[in-house]
>>> print(open('input_5.txt').read())   # compact mmCIF, N, CA and C atoms
# COMPACT_ATOMS: atom_id res chain seq x y z
N MET H 1 103.59 78.19 103.99
CA MET H 1 104.21 79.43 104.37
C MET H 1 103.74 79.82 105.76
N LEU H 2 104.65 80.34 106.53
CA LEU H 2 104.33 80.72 107.89
C LEU H 2 104.69 82.18 108.14
N GLY H 3 103.93 82.82 109.03
CA GLY H 3 104.26 84.14 109.55
C GLY H 3 104.50 85.21 108.50
N SER H 4 105.66 85.87 108.60
CA SER H 4 105.95 87.02 107.76
C SER H 4 106.11 86.65 106.29
N GLU H 5 106.52 85.41 106.01
CA GLU H 5 106.68 84.98 104.62
C GLU H 5 105.34 85.00 103.89
N ALA H 6 104.27 84.55 104.54
CA ALA H 6 102.93 84.58 103.95
C ALA H 6 102.46 86.01 103.80
N GLY H 7 102.75 86.87 104.77
CA GLY H 7 102.36 88.27 104.71
C GLY H 7 103.04 88.99 103.57
N GLU H 8 104.32 88.70 103.34
CA GLU H 8 105.06 89.33 102.24
C GLU H 8 104.47 88.93 100.90
N GLN H 9 104.13 87.66 100.72
CA GLN H 9 103.55 87.21 99.46
C GLN H 9 102.18 87.86 99.25
N ASN H 10 101.37 87.94 100.31
CA ASN H 10 100.06 88.56 100.22
C ASN H 10 100.19 90.03 99.81
N LEU H 11 101.15 90.75 100.40
CA LEU H 11 101.38 92.15 100.08
C LEU H 11 101.80 92.29 98.62
N GLN H 12 102.66 91.41 98.16
CA GLN H 12 103.12 91.45 96.78
C GLN H 12 101.96 91.22 95.82
N LEU H 13 101.07 90.28 96.12
CA LEU H 13 99.93 90.01 95.25
C LEU H 13 98.98 91.20 95.19
N ARG H 14 98.77 91.88 96.30
CA ARG H 14 97.86 93.03 96.33
C ARG H 14 98.41 94.21 95.55
N SER H 15 99.72 94.37 95.49
CA SER H 15 100.30 95.53 94.83
C SER H 15 100.52 95.30 93.34
N ASP H 16 100.20 94.12 92.85
CA ASP H 16 100.38 93.81 91.42
C ASP H 16 99.08 94.11 90.68
N ARG H 17 99.14 94.96 89.65
CA ARG H 17 97.95 95.35 88.89
C ARG H 17 97.51 94.27 87.91
N GLY H 18 98.28 93.26 87.75
CA GLY H 18 97.92 92.22 86.82
C GLY H 18 98.70 92.31 85.52
N ASP H 19 99.31 93.47 85.26
CA ASP H 19 100.09 93.61 84.03
C ASP H 19 101.59 93.51 84.31
N GLY H 20 101.92 93.07 85.52
CA GLY H 20 103.32 92.90 85.88
C GLY H 20 103.94 94.13 86.53
N ALA H 21 103.28 95.27 86.44
CA ALA H 21 103.82 96.49 87.05
C ALA H 21 103.21 96.68 88.43
N ALA H 22 104.04 97.01 89.39
CA ALA H 22 103.55 97.22 90.75
C ALA H 22 102.86 98.58 90.83
N CYS H 23 101.80 98.65 91.64
CA CYS H 23 101.10 99.92 91.86
C CYS H 23 101.97 100.82 92.72
N LYS H 24 101.99 102.10 92.40
CA LYS H 24 102.76 103.07 93.18
C LYS H 24 101.85 104.23 93.52
N LYS H 25 102.20 104.92 94.59
CA LYS H 25 101.40 106.08 94.98
C LYS H 25 101.57 107.19 93.95
N ARG H 26 100.59 108.08 93.92
CA ARG H 26 100.65 109.24 93.04
C ARG H 26 101.82 110.12 93.43
N GLU H 27 102.43 110.76 92.48
CA GLU H 27 103.53 111.67 92.74
C GLU H 27 103.11 113.13 92.57
N ASP H 28 101.91 113.36 92.02
CA ASP H 28 101.48 114.73 91.72
C ASP H 28 100.45 115.27 92.72
N TYR H 29 100.48 114.79 93.95
CA TYR H 29 99.54 115.24 94.97
C TYR H 29 100.02 116.57 95.57
N LEU H 30 99.11 117.30 96.21
CA LEU H 30 99.44 118.57 96.84
C LEU H 30 100.32 118.35 98.07
N LYS H 31 101.30 119.23 98.24
CA LYS H 31 102.06 119.23 99.48
C LYS H 31 101.14 119.77 100.56
N ARG H 32 101.46 119.48 101.82
CA ARG H 32 100.62 119.96 102.92
C ARG H 32 100.48 121.47 102.89
N SER H 33 101.58 122.19 102.69
CA SER H 33 101.53 123.65 102.68
C SER H 33 100.62 124.15 101.55
N GLU H 34 100.66 123.50 100.40
CA GLU H 34 99.79 123.89 99.29
C GLU H 34 98.32 123.61 99.62
N TYR H 35 98.08 122.50 100.27
CA TYR H 35 96.72 122.14 100.68
C TYR H 35 96.16 123.17 101.66
N PHE H 36 96.94 123.52 102.68
CA PHE H 36 96.49 124.47 103.68
C PHE H 36 96.26 125.84 103.07
N MET H 37 97.12 126.25 102.15
CA MET H 37 96.92 127.54 101.47
C MET H 37 95.66 127.50 100.61
N ALA H 38 95.39 126.38 99.98
CA ALA H 38 94.17 126.24 99.16
C ALA H 38 92.92 126.34 100.03
N VAL H 39 92.97 125.76 101.23
CA VAL H 39 91.84 125.86 102.17
C VAL H 39 91.64 127.32 102.57
N ALA H 40 92.72 128.03 102.85
CA ALA H 40 92.62 129.45 103.21
C ALA H 40 92.07 130.27 102.04
N PHE H 41 92.53 129.97 100.84
CA PHE H 41 92.04 130.68 99.65
C PHE H 41 90.54 130.42 99.45
N LEU H 42 90.12 129.18 99.60
CA LEU H 42 88.71 128.84 99.45
C LEU H 42 87.87 129.52 100.53
N SER H 43 88.38 129.58 101.75
CA SER H 43 87.67 130.27 102.84
C SER H 43 87.50 131.75 102.53
N ALA H 44 88.52 132.36 101.94
CA ALA H 44 88.46 133.78 101.61
C ALA H 44 87.32 134.08 100.63
N GLN H 45 86.95 133.11 99.83
CA GLN H 45 85.88 133.32 98.85
C GLN H 45 84.53 133.53 99.52
N ARG H 46 84.43 133.22 100.80
CA ARG H 46 83.18 133.44 101.56
C ARG H 46 83.02 134.90 101.98
N SER H 47 84.10 135.69 101.93
CA SER H 47 84.04 137.09 102.37
C SER H 47 83.13 137.90 101.46
N LYS H 48 82.35 138.78 102.07
CA LYS H 48 81.47 139.66 101.30
C LYS H 48 82.08 141.04 101.13
N ASP H 49 83.29 141.24 101.64
CA ASP H 49 83.98 142.52 101.51
C ASP H 49 84.25 142.78 100.02
N PRO H 50 83.83 143.94 99.51
CA PRO H 50 84.01 144.21 98.09
C PRO H 50 85.46 144.48 97.68
N ASN H 51 86.34 144.79 98.64
CA ASN H 51 87.72 145.17 98.29
C ASN H 51 88.78 144.14 98.63
N SER H 52 88.60 143.39 99.70
CA SER H 52 89.63 142.43 100.09
C SER H 52 88.99 141.18 100.67
N GLN H 53 89.49 140.06 100.22
CA GLN H 53 89.01 138.77 100.71
C GLN H 53 90.20 138.08 101.38
N VAL H 54 90.05 137.84 102.69
CA VAL H 54 91.13 137.28 103.50
C VAL H 54 90.66 135.96 104.09
N GLY H 55 91.46 134.91 103.92
CA GLY H 55 91.13 133.62 104.50
C GLY H 55 92.25 133.14 105.39
N ALA H 56 91.91 132.26 106.32
CA ALA H 56 92.91 131.71 107.23
C ALA H 56 92.65 130.23 107.46
N CYS H 57 93.74 129.50 107.64
CA CYS H 57 93.66 128.08 107.96
C CYS H 57 94.66 127.85 109.09
N ILE H 58 94.16 127.54 110.28
CA ILE H 58 95.02 127.33 111.45
C ILE H 58 95.30 125.83 111.57
N VAL H 59 96.59 125.49 111.69
CA VAL H 59 97.03 124.10 111.70
C VAL H 59 97.84 123.84 112.96
N ASN H 60 97.59 122.69 113.61
CA ASN H 60 98.36 122.37 114.82
C ASN H 60 99.66 121.64 114.47
N ARG H 61 100.40 121.24 115.48
CA ARG H 61 101.70 120.60 115.27
C ARG H 61 101.60 119.25 114.56
N GLU H 62 100.43 118.63 114.62
CA GLU H 62 100.23 117.34 113.95
C GLU H 62 99.71 117.53 112.52
N ASN H 63 99.76 118.75 112.01
CA ASN H 63 99.28 119.09 110.67
C ASN H 63 97.79 118.80 110.50
N LYS H 64 97.04 119.03 111.54
CA LYS H 64 95.58 118.90 111.50
C LYS H 64 94.99 120.30 111.50
N ILE H 65 93.98 120.53 110.67
CA ILE H 65 93.31 121.82 110.63
C ILE H 65 92.45 121.94 111.88
N VAL H 66 92.68 123.01 112.65
CA VAL H 66 91.91 123.23 113.87
C VAL H 66 91.02 124.47 113.76
N GLY H 67 91.15 125.21 112.69
CA GLY H 67 90.30 126.38 112.50
C GLY H 67 90.46 126.97 111.11
N ILE H 68 89.38 127.47 110.58
CA ILE H 68 89.41 128.20 109.32
C ILE H 68 88.49 129.41 109.48
N GLY H 69 88.73 130.43 108.70
CA GLY H 69 87.89 131.62 108.79
C GLY H 69 88.17 132.58 107.65
N TYR H 70 87.40 133.65 107.63
CA TYR H 70 87.55 134.69 106.61
C TYR H 70 87.09 136.01 107.20
N ASN H 71 87.49 137.11 106.55
CA ASN H 71 87.10 138.42 107.06
C ASN H 71 85.62 138.67 106.76
N GLY H 72 84.94 139.11 107.79
CA GLY H 72 83.52 139.38 107.65
C GLY H 72 82.99 140.04 108.90
N MET H 73 81.72 140.32 108.86
CA MET H 73 81.07 140.94 110.01
C MET H 73 81.01 139.94 111.17
N PRO H 74 80.94 140.43 112.40
CA PRO H 74 80.84 139.52 113.55
C PRO H 74 79.61 138.63 113.47
N ASN H 75 79.66 137.50 114.13
CA ASN H 75 78.52 136.59 114.17
C ASN H 75 77.27 137.32 114.65
N ARG H 76 76.16 136.95 114.09
CA ARG H 76 74.85 137.49 114.42
C ARG H 76 74.67 138.96 114.06
N CYS H 77 75.58 139.51 113.24
CA CYS H 77 75.41 140.87 112.72
C CYS H 77 75.05 140.76 111.24
N SER H 78 74.07 141.53 110.84
CA SER H 78 73.61 141.47 109.45
C SER H 78 74.64 142.10 108.51
N ASP H 79 74.97 141.39 107.44
CA ASP H 79 75.87 141.92 106.42
C ASP H 79 75.25 143.11 105.71
N ASP H 80 73.92 143.19 105.74
CA ASP H 80 73.22 144.26 105.03
C ASP H 80 73.05 145.51 105.87
N SER H 81 73.15 145.41 107.19
CA SER H 81 72.90 146.54 108.08
C SER H 81 74.15 147.37 108.34
N LEU H 82 75.32 146.79 108.19
CA LEU H 82 76.55 147.48 108.53
C LEU H 82 77.27 147.94 107.26
N PRO H 83 78.12 148.97 107.37
CA PRO H 83 78.77 149.54 106.18
C PRO H 83 79.90 148.67 105.63
N TRP H 84 80.09 148.72 104.31
CA TRP H 84 81.20 148.04 103.66
C TRP H 84 82.21 149.04 103.09
N GLY H 85 81.98 150.34 103.30
CA GLY H 85 82.90 151.37 102.83
C GLY H 85 84.00 151.63 103.83
N SER H 86 85.03 152.40 103.39
CA SER H 86 86.15 152.67 104.29
C SER H 86 86.58 154.13 104.31
N GLY H 87 85.89 155.00 103.61
CA GLY H 87 86.36 156.38 103.53
C GLY H 87 85.56 157.39 104.33
N ALA H 88 84.61 156.95 105.13
CA ALA H 88 83.76 157.89 105.87
C ALA H 88 84.52 158.53 107.03
N LYS H 89 84.16 159.77 107.35
CA LYS H 89 84.80 160.48 108.47
C LYS H 89 84.37 159.90 109.82
N ASN H 90 83.14 159.47 109.91
CA ASN H 90 82.63 158.87 111.14
C ASN H 90 83.07 157.41 111.22
N GLU H 91 83.74 157.04 112.31
CA GLU H 91 84.23 155.66 112.47
C GLU H 91 83.13 154.62 112.34
N LEU H 92 81.94 154.94 112.80
CA LEU H 92 80.84 153.98 112.77
C LEU H 92 80.33 153.71 111.36
N ASP H 93 80.78 154.52 110.40
CA ASP H 93 80.38 154.33 109.01
C ASP H 93 81.47 153.63 108.19
N ASN H 94 82.50 153.12 108.84
CA ASN H 94 83.61 152.42 108.18
C ASN H 94 83.57 150.93 108.52
N LYS H 95 83.86 150.12 107.53
CA LYS H 95 83.85 148.66 107.74
C LYS H 95 84.88 148.19 108.76
N TYR H 96 86.00 148.91 108.89
CA TYR H 96 87.08 148.47 109.78
C TYR H 96 86.66 148.44 111.25
N THR H 97 85.61 149.18 111.58
CA THR H 97 85.10 149.15 112.94
C THR H 97 84.45 147.80 113.25
N TYR H 98 83.97 147.11 112.22
CA TYR H 98 83.18 145.89 112.41
C TYR H 98 83.83 144.62 111.86
N VAL H 99 84.46 144.73 110.70
CA VAL H 99 84.96 143.55 110.01
C VAL H 99 86.26 143.06 110.65
N GLY H 100 86.35 141.75 110.88
CA GLY H 100 87.56 141.16 111.45
C GLY H 100 88.56 140.81 110.36
N TYR H 101 89.79 141.34 110.46
CA TYR H 101 90.83 141.04 109.48
C TYR H 101 91.99 140.27 110.08
N ARG H 102 92.21 140.37 111.39
CA ARG H 102 93.33 139.69 112.01
C ARG H 102 92.88 138.31 112.48
N LEU H 103 92.62 137.43 111.53
CA LEU H 103 92.11 136.10 111.85
C LEU H 103 93.10 135.29 112.67
N ASP H 104 94.40 135.51 112.45
CA ASP H 104 95.40 134.77 113.21
C ASP H 104 95.33 135.13 114.69
N VAL H 105 95.22 136.41 115.00
CA VAL H 105 95.13 136.85 116.40
C VAL H 105 93.83 136.37 117.03
N THR H 106 92.74 136.50 116.30
CA THR H 106 91.44 136.07 116.81
C THR H 106 91.45 134.58 117.13
N ALA H 107 92.01 133.77 116.26
CA ALA H 107 92.04 132.33 116.48
C ALA H 107 92.88 131.95 117.68
N ILE H 108 94.03 132.62 117.86
CA ILE H 108 94.90 132.31 118.99
C ILE H 108 94.25 132.72 120.31
N GLN H 109 93.45 133.77 120.28
CA GLN H 109 92.79 134.23 121.51
C GLN H 109 91.62 133.35 121.90
N MET H 110 91.13 132.54 121.00
CA MET H 110 90.01 131.67 121.31
C MET H 110 90.44 130.63 122.33
N PRO H 111 89.69 130.46 123.42
CA PRO H 111 90.08 129.51 124.48
C PRO H 111 90.27 128.09 123.97
N SER H 112 89.49 127.66 123.00
CA SER H 112 89.59 126.28 122.53
C SER H 112 90.88 126.03 121.76
N LEU H 113 91.59 127.08 121.36
CA LEU H 113 92.81 126.90 120.58
C LEU H 113 94.06 127.29 121.37
N ASN H 114 93.95 127.50 122.67
CA ASN H 114 95.10 127.91 123.46
C ASN H 114 96.24 126.91 123.45
N PHE H 115 95.97 125.65 123.12
CA PHE H 115 97.02 124.65 123.08
C PHE H 115 98.02 124.90 121.96
N LEU H 116 97.70 125.81 121.03
CA LEU H 116 98.61 126.13 119.93
C LEU H 116 99.76 127.01 120.37
N ILE H 117 99.60 127.73 121.46
CA ILE H 117 100.62 128.67 121.92
C ILE H 117 101.71 127.89 122.65
N PRO H 118 102.97 127.99 122.18
CA PRO H 118 104.06 127.25 122.83
C PRO H 118 104.26 127.72 124.27
N ALA H 119 104.61 126.78 125.14
CA ALA H 119 104.82 127.12 126.56
C ALA H 119 106.14 127.82 126.76
>>> encode(input="input_5.txt", output="structure tokens")
Amino acid sequence: MLGSEAGEQNLQLRSDRGDGAACKKREDYLKRSEYFMAVAFLSAQRSKDPNSQVGACIVNRENKIVGIGYNGMPNRCSDDSLPWGSGAKNELDNKYTYVGYRLDVTAIQMPSLNFLIPA
């Protein structure tokens, strides 16, 4: 056997399980959109906010994850020092002054992700 004929036979032998049935790919795998949503859901579980857990999964045009995140206090700020309530009259005593919820806007503004914005 020469060339492609030998390659075809080799491929056929590898795909045979030995019981005469050819191996096939799984049909019950997650769709990409389901996978990305699951990553966002899992990221949200990292949030320490007692009322709302928000996760994000940023994906580029090649369906590669380029960023994930969740709502929480800014980096290097103690989760224990800042408020988690939302009903105080003083803005500095409300979580919304500190906690990031617009993860999509934050990710797009990051210089390393500017390639995501269409020209």
>>> residues_around(input="input_5.txt", residues="Trp84 in chain H", least_positions_apart="2", cutoff="7 Å", atoms="all atoms listed in the file", output="PDB file with N, CA and C atoms, keeping the file's coordinate frame")
ATOM      1  N   ASP H  49      83.290 141.240 101.640  1.00  0.00           N
ATOM      2  CA  ASP H  49      83.980 142.520 101.510  1.00  0.00           C
ATOM      3  C   ASP H  49      84.250 142.780 100.020  1.00  0.00           C
ATOM      4  N   PRO H  50      83.830 143.940  99.510  1.00  0.00           N
ATOM      5  CA  PRO H  50      84.010 144.210  98.090  1.00  0.00           C
ATOM      6  C   PRO H  50      85.460 144.480  97.680  1.00  0.00           C
ATOM      7  N   LEU H  82      75.320 146.790 108.190  1.00  0.00           N
ATOM      8  CA  LEU H  82      76.550 147.480 108.530  1.00  0.00           C
ATOM      9  C   LEU H  82      77.270 147.940 107.260  1.00  0.00           C
ATOM     10  N   SER H  86      85.030 152.400 103.390  1.00  0.00           N
ATOM     11  CA  SER H  86      86.150 152.670 104.290  1.00  0.00           C
ATOM     12  C   SER H  86      86.580 154.130 104.310  1.00  0.00           C
ATOM     13  N   ASP H  93      80.780 154.520 110.400  1.00  0.00           N
ATOM     14  CA  ASP H  93      80.380 154.330 109.010  1.00  0.00           C
ATOM     15  C   ASP H  93      81.470 153.630 108.190  1.00  0.00           C
ATOM     16  N   ASN H  94      82.500 153.120 108.840  1.00  0.00           N
ATOM     17  CA  ASN H  94      83.610 152.420 108.180  1.00  0.00           C
ATOM     18  C   ASN H  94      83.570 150.930 108.520  1.00  0.00           C
ATOM     19  N   LYS H  95      83.860 150.120 107.530  1.00  0.00           N
ATOM     20  CA  LYS H  95      83.850 148.660 107.740  1.00  0.00           C
ATOM     21  C   LYS H  95      84.880 148.190 108.760  1.00  0.00           C
ATOM     22  N   TYR H  96      86.000 148.910 108.890  1.00  0.00           N
ATOM     23  CA  TYR H  96      87.080 148.470 109.780  1.00  0.00           C
ATOM     24  C   TYR H  96      86.660 148.440 111.250  1.00  0.00           C
TER      25      TYR H  96
END
>>> atom_distance(input="input_5.txt", atom1="atom N of Ala56 in chain H", atom2="atom N of Ile68 in chain H")
6.9 Å
>>> atom_distance(input="input_5.txt", atom1="atom C of Cys77 in chain H", atom2="atom C of Val39 in chain H")
23.0 Å
>>> atom_distance(input="input_5.txt", atom1="atom C of Thr97 in chain H", atom2="atom C of Met73 in chain H")
8.8 Å
>>> select_by_dssp(input="input_5.txt", residues="range 28-70 of chain H", states="alpha helix (DSSP H)", output="PyMOL selection string")
chain H and resi 32-44
>>> residues_around(input="input_5.txt", residues="Gly69 in chain H", least_positions_apart="4", cutoff="7 Å", atoms="only C-alpha atoms", output="list in words")
Ser43, Gly55, Ala56, Cys57 and Leu103 of chain H
>>> closest_residue(input="input_5.txt", among="H:Cys23, H:Ala88, H:Ile65, H:Ala40", to="Gln53 in chain H", atoms="only C-alpha atoms")
H:Ala40
>>> select_by_dssp(input="input_5.txt", residues="range 13-71 of chain H", states="strand (DSSP E)", output="JSON, numbers by chain")
{"H": [55, 56, 57, 58, 59, 65, 66, 67, 68, 69, 70]}
>>> write_last_selection(input="input_5.txt", atoms="N, CA and C atoms", output="mmCIF file, in the coordinates of the input")
data_model
loop_
_atom_site.group_PDB
_atom_site.id
_atom_site.type_symbol
_atom_site.label_atom_id
_atom_site.label_comp_id
_atom_site.auth_asym_id
_atom_site.auth_seq_id
_atom_site.Cartn_x
_atom_site.Cartn_y
_atom_site.Cartn_z
ATOM 1 N N GLY H 55 91.460 134.910 103.920
ATOM 2 C CA GLY H 55 91.130 133.620 104.500
ATOM 3 C C GLY H 55 92.250 133.140 105.390
ATOM 4 N N ALA H 56 91.910 132.260 106.320
ATOM 5 C CA ALA H 56 92.910 131.710 107.230
ATOM 6 C C ALA H 56 92.650 130.230 107.460
ATOM 7 N N CYS H 57 93.740 129.500 107.640
ATOM 8 C CA CYS H 57 93.660 128.080 107.960
ATOM 9 C C CYS H 57 94.660 127.850 109.090
ATOM 10 N N ILE H 58 94.160 127.540 110.280
ATOM 11 C CA ILE H 58 95.020 127.330 111.450
ATOM 12 C C ILE H 58 95.300 125.830 111.570
ATOM 13 N N VAL H 59 96.590 125.490 111.690
ATOM 14 C CA VAL H 59 97.030 124.100 111.700
ATOM 15 C C VAL H 59 97.840 123.840 112.960
ATOM 16 N N ILE H 65 93.980 120.530 110.670
ATOM 17 C CA ILE H 65 93.310 121.820 110.630
ATOM 18 C C ILE H 65 92.450 121.940 111.880
ATOM 19 N N VAL H 66 92.680 123.010 112.650
ATOM 20 C CA VAL H 66 91.910 123.230 113.870
ATOM 21 C C VAL H 66 91.020 124.470 113.760
ATOM 22 N N GLY H 67 91.150 125.210 112.690
ATOM 23 C CA GLY H 67 90.300 126.380 112.500
ATOM 24 C C GLY H 67 90.460 126.970 111.110
ATOM 25 N N ILE H 68 89.380 127.470 110.580
ATOM 26 C CA ILE H 68 89.410 128.200 109.320
ATOM 27 C C ILE H 68 88.490 129.410 109.480
ATOM 28 N N GLY H 69 88.730 130.430 108.700
ATOM 29 C CA GLY H 69 87.890 131.620 108.790
ATOM 30 C C GLY H 69 88.170 132.580 107.650
ATOM 31 N N TYR H 70 87.400 133.650 107.630
ATOM 32 C CA TYR H 70 87.550 134.690 106.610
ATOM 33 C C TYR H 70 87.090 136.010 107.200
#
>>> closest_residue(input="input_5.txt", among="H:Leu92, H:Leu30, H:Val99, H:Ile58", to="Pro74 in chain H", atoms="all atoms listed in the file")
H:Val99
>>> build_atoms(input="input_5.txt", residues="range 81-90 of chain H", atoms="all heavy atoms", output="CSV table (one decimal), in the coordinates of the input")
chain,number,residue,atom,x,y,z
H,81,SER,N,73.2,145.4,107.2
H,81,SER,CA,72.9,146.5,108.1
H,81,SER,C,74.2,147.4,108.3
H,81,SER,O,74.0,148.5,108.7
H,81,SER,CB,72.4,146.1,109.4
H,81,SER,OG,71.3,145.2,109.3
H,82,LEU,N,75.3,146.8,108.2
H,82,LEU,CA,76.6,147.5,108.5
H,82,LEU,C,77.3,147.9,107.3
H,82,LEU,O,77.1,147.4,106.2
H,82,LEU,CB,77.4,146.6,109.4
H,82,LEU,CG,76.8,146.1,110.7
H,82,LEU,CD1,77.7,145.1,111.4
H,82,LEU,CD2,76.7,147.3,111.6
H,83,PRO,N,78.1,149.0,107.4
H,83,PRO,CA,78.8,149.5,106.2
H,83,PRO,C,79.9,148.7,105.6
H,83,PRO,O,80.6,148.0,106.4
H,83,PRO,CB,79.3,150.9,106.7
H,83,PRO,CG,79.6,150.6,108.2
H,83,PRO,CD,78.5,149.7,108.6
H,84,TRP,N,80.1,148.7,104.3
H,84,TRP,CA,81.2,148.0,103.7
H,84,TRP,C,82.2,149.0,103.1
H,84,TRP,O,83.2,148.7,102.5
H,84,TRP,CB,80.7,147.1,102.5
H,84,TRP,CG,80.1,145.9,103.1
H,84,TRP,CD1,78.7,145.6,103.2
H,84,TRP,CD2,80.7,144.8,103.7
H,84,TRP,NE1,78.5,144.4,103.8
H,84,TRP,CE2,79.7,143.9,104.1
H,84,TRP,CE3,82.1,144.5,103.9
H,84,TRP,CZ2,80.0,142.7,104.7
H,84,TRP,CZ3,82.4,143.3,104.5
H,84,TRP,CH2,81.3,142.4,104.9
H,85,GLY,N,82.0,150.3,103.3
H,85,GLY,CA,82.9,151.4,102.8
H,85,GLY,C,84.0,151.6,103.8
H,85,GLY,O,84.0,151.2,105.0
H,86,SER,N,85.0,152.4,103.4
H,86,SER,CA,86.2,152.7,104.3
H,86,SER,C,86.6,154.1,104.3
H,86,SER,O,87.5,154.5,105.0
H,86,SER,CB,87.3,151.8,103.9
H,86,SER,OG,87.7,152.1,102.6
H,87,GLY,N,85.9,155.0,103.6
H,87,GLY,CA,86.4,156.4,103.5
H,87,GLY,C,85.6,157.4,104.3
H,87,GLY,O,85.8,158.6,104.3
H,88,ALA,N,84.6,157.0,105.1
H,88,ALA,CA,83.8,157.9,105.9
H,88,ALA,C,84.5,158.5,107.0
H,88,ALA,O,85.4,157.9,107.6
H,88,ALA,CB,82.5,157.2,106.4
H,89,LYS,N,84.2,159.8,107.4
H,89,LYS,CA,84.8,160.5,108.5
H,89,LYS,C,84.4,159.9,109.8
H,89,LYS,O,85.2,159.8,110.7
H,89,LYS,CB,84.5,162.0,108.4
H,89,LYS,CG,85.1,162.7,107.2
H,89,LYS,CD,84.8,164.1,107.2
H,89,LYS,CE,85.4,164.8,106.0
H,89,LYS,NZ,85.1,166.2,105.9
H,90,ASN,N,83.1,159.5,109.9
H,90,ASN,CA,82.6,158.9,111.1
H,90,ASN,C,83.1,157.4,111.2
H,90,ASN,O,82.8,156.6,110.3
H,90,ASN,CB,81.1,159.0,111.2
H,90,ASN,CG,80.5,158.5,112.4
H,90,ASN,OD1,81.1,157.8,113.3
H,90,ASN,ND2,79.2,158.8,112.6
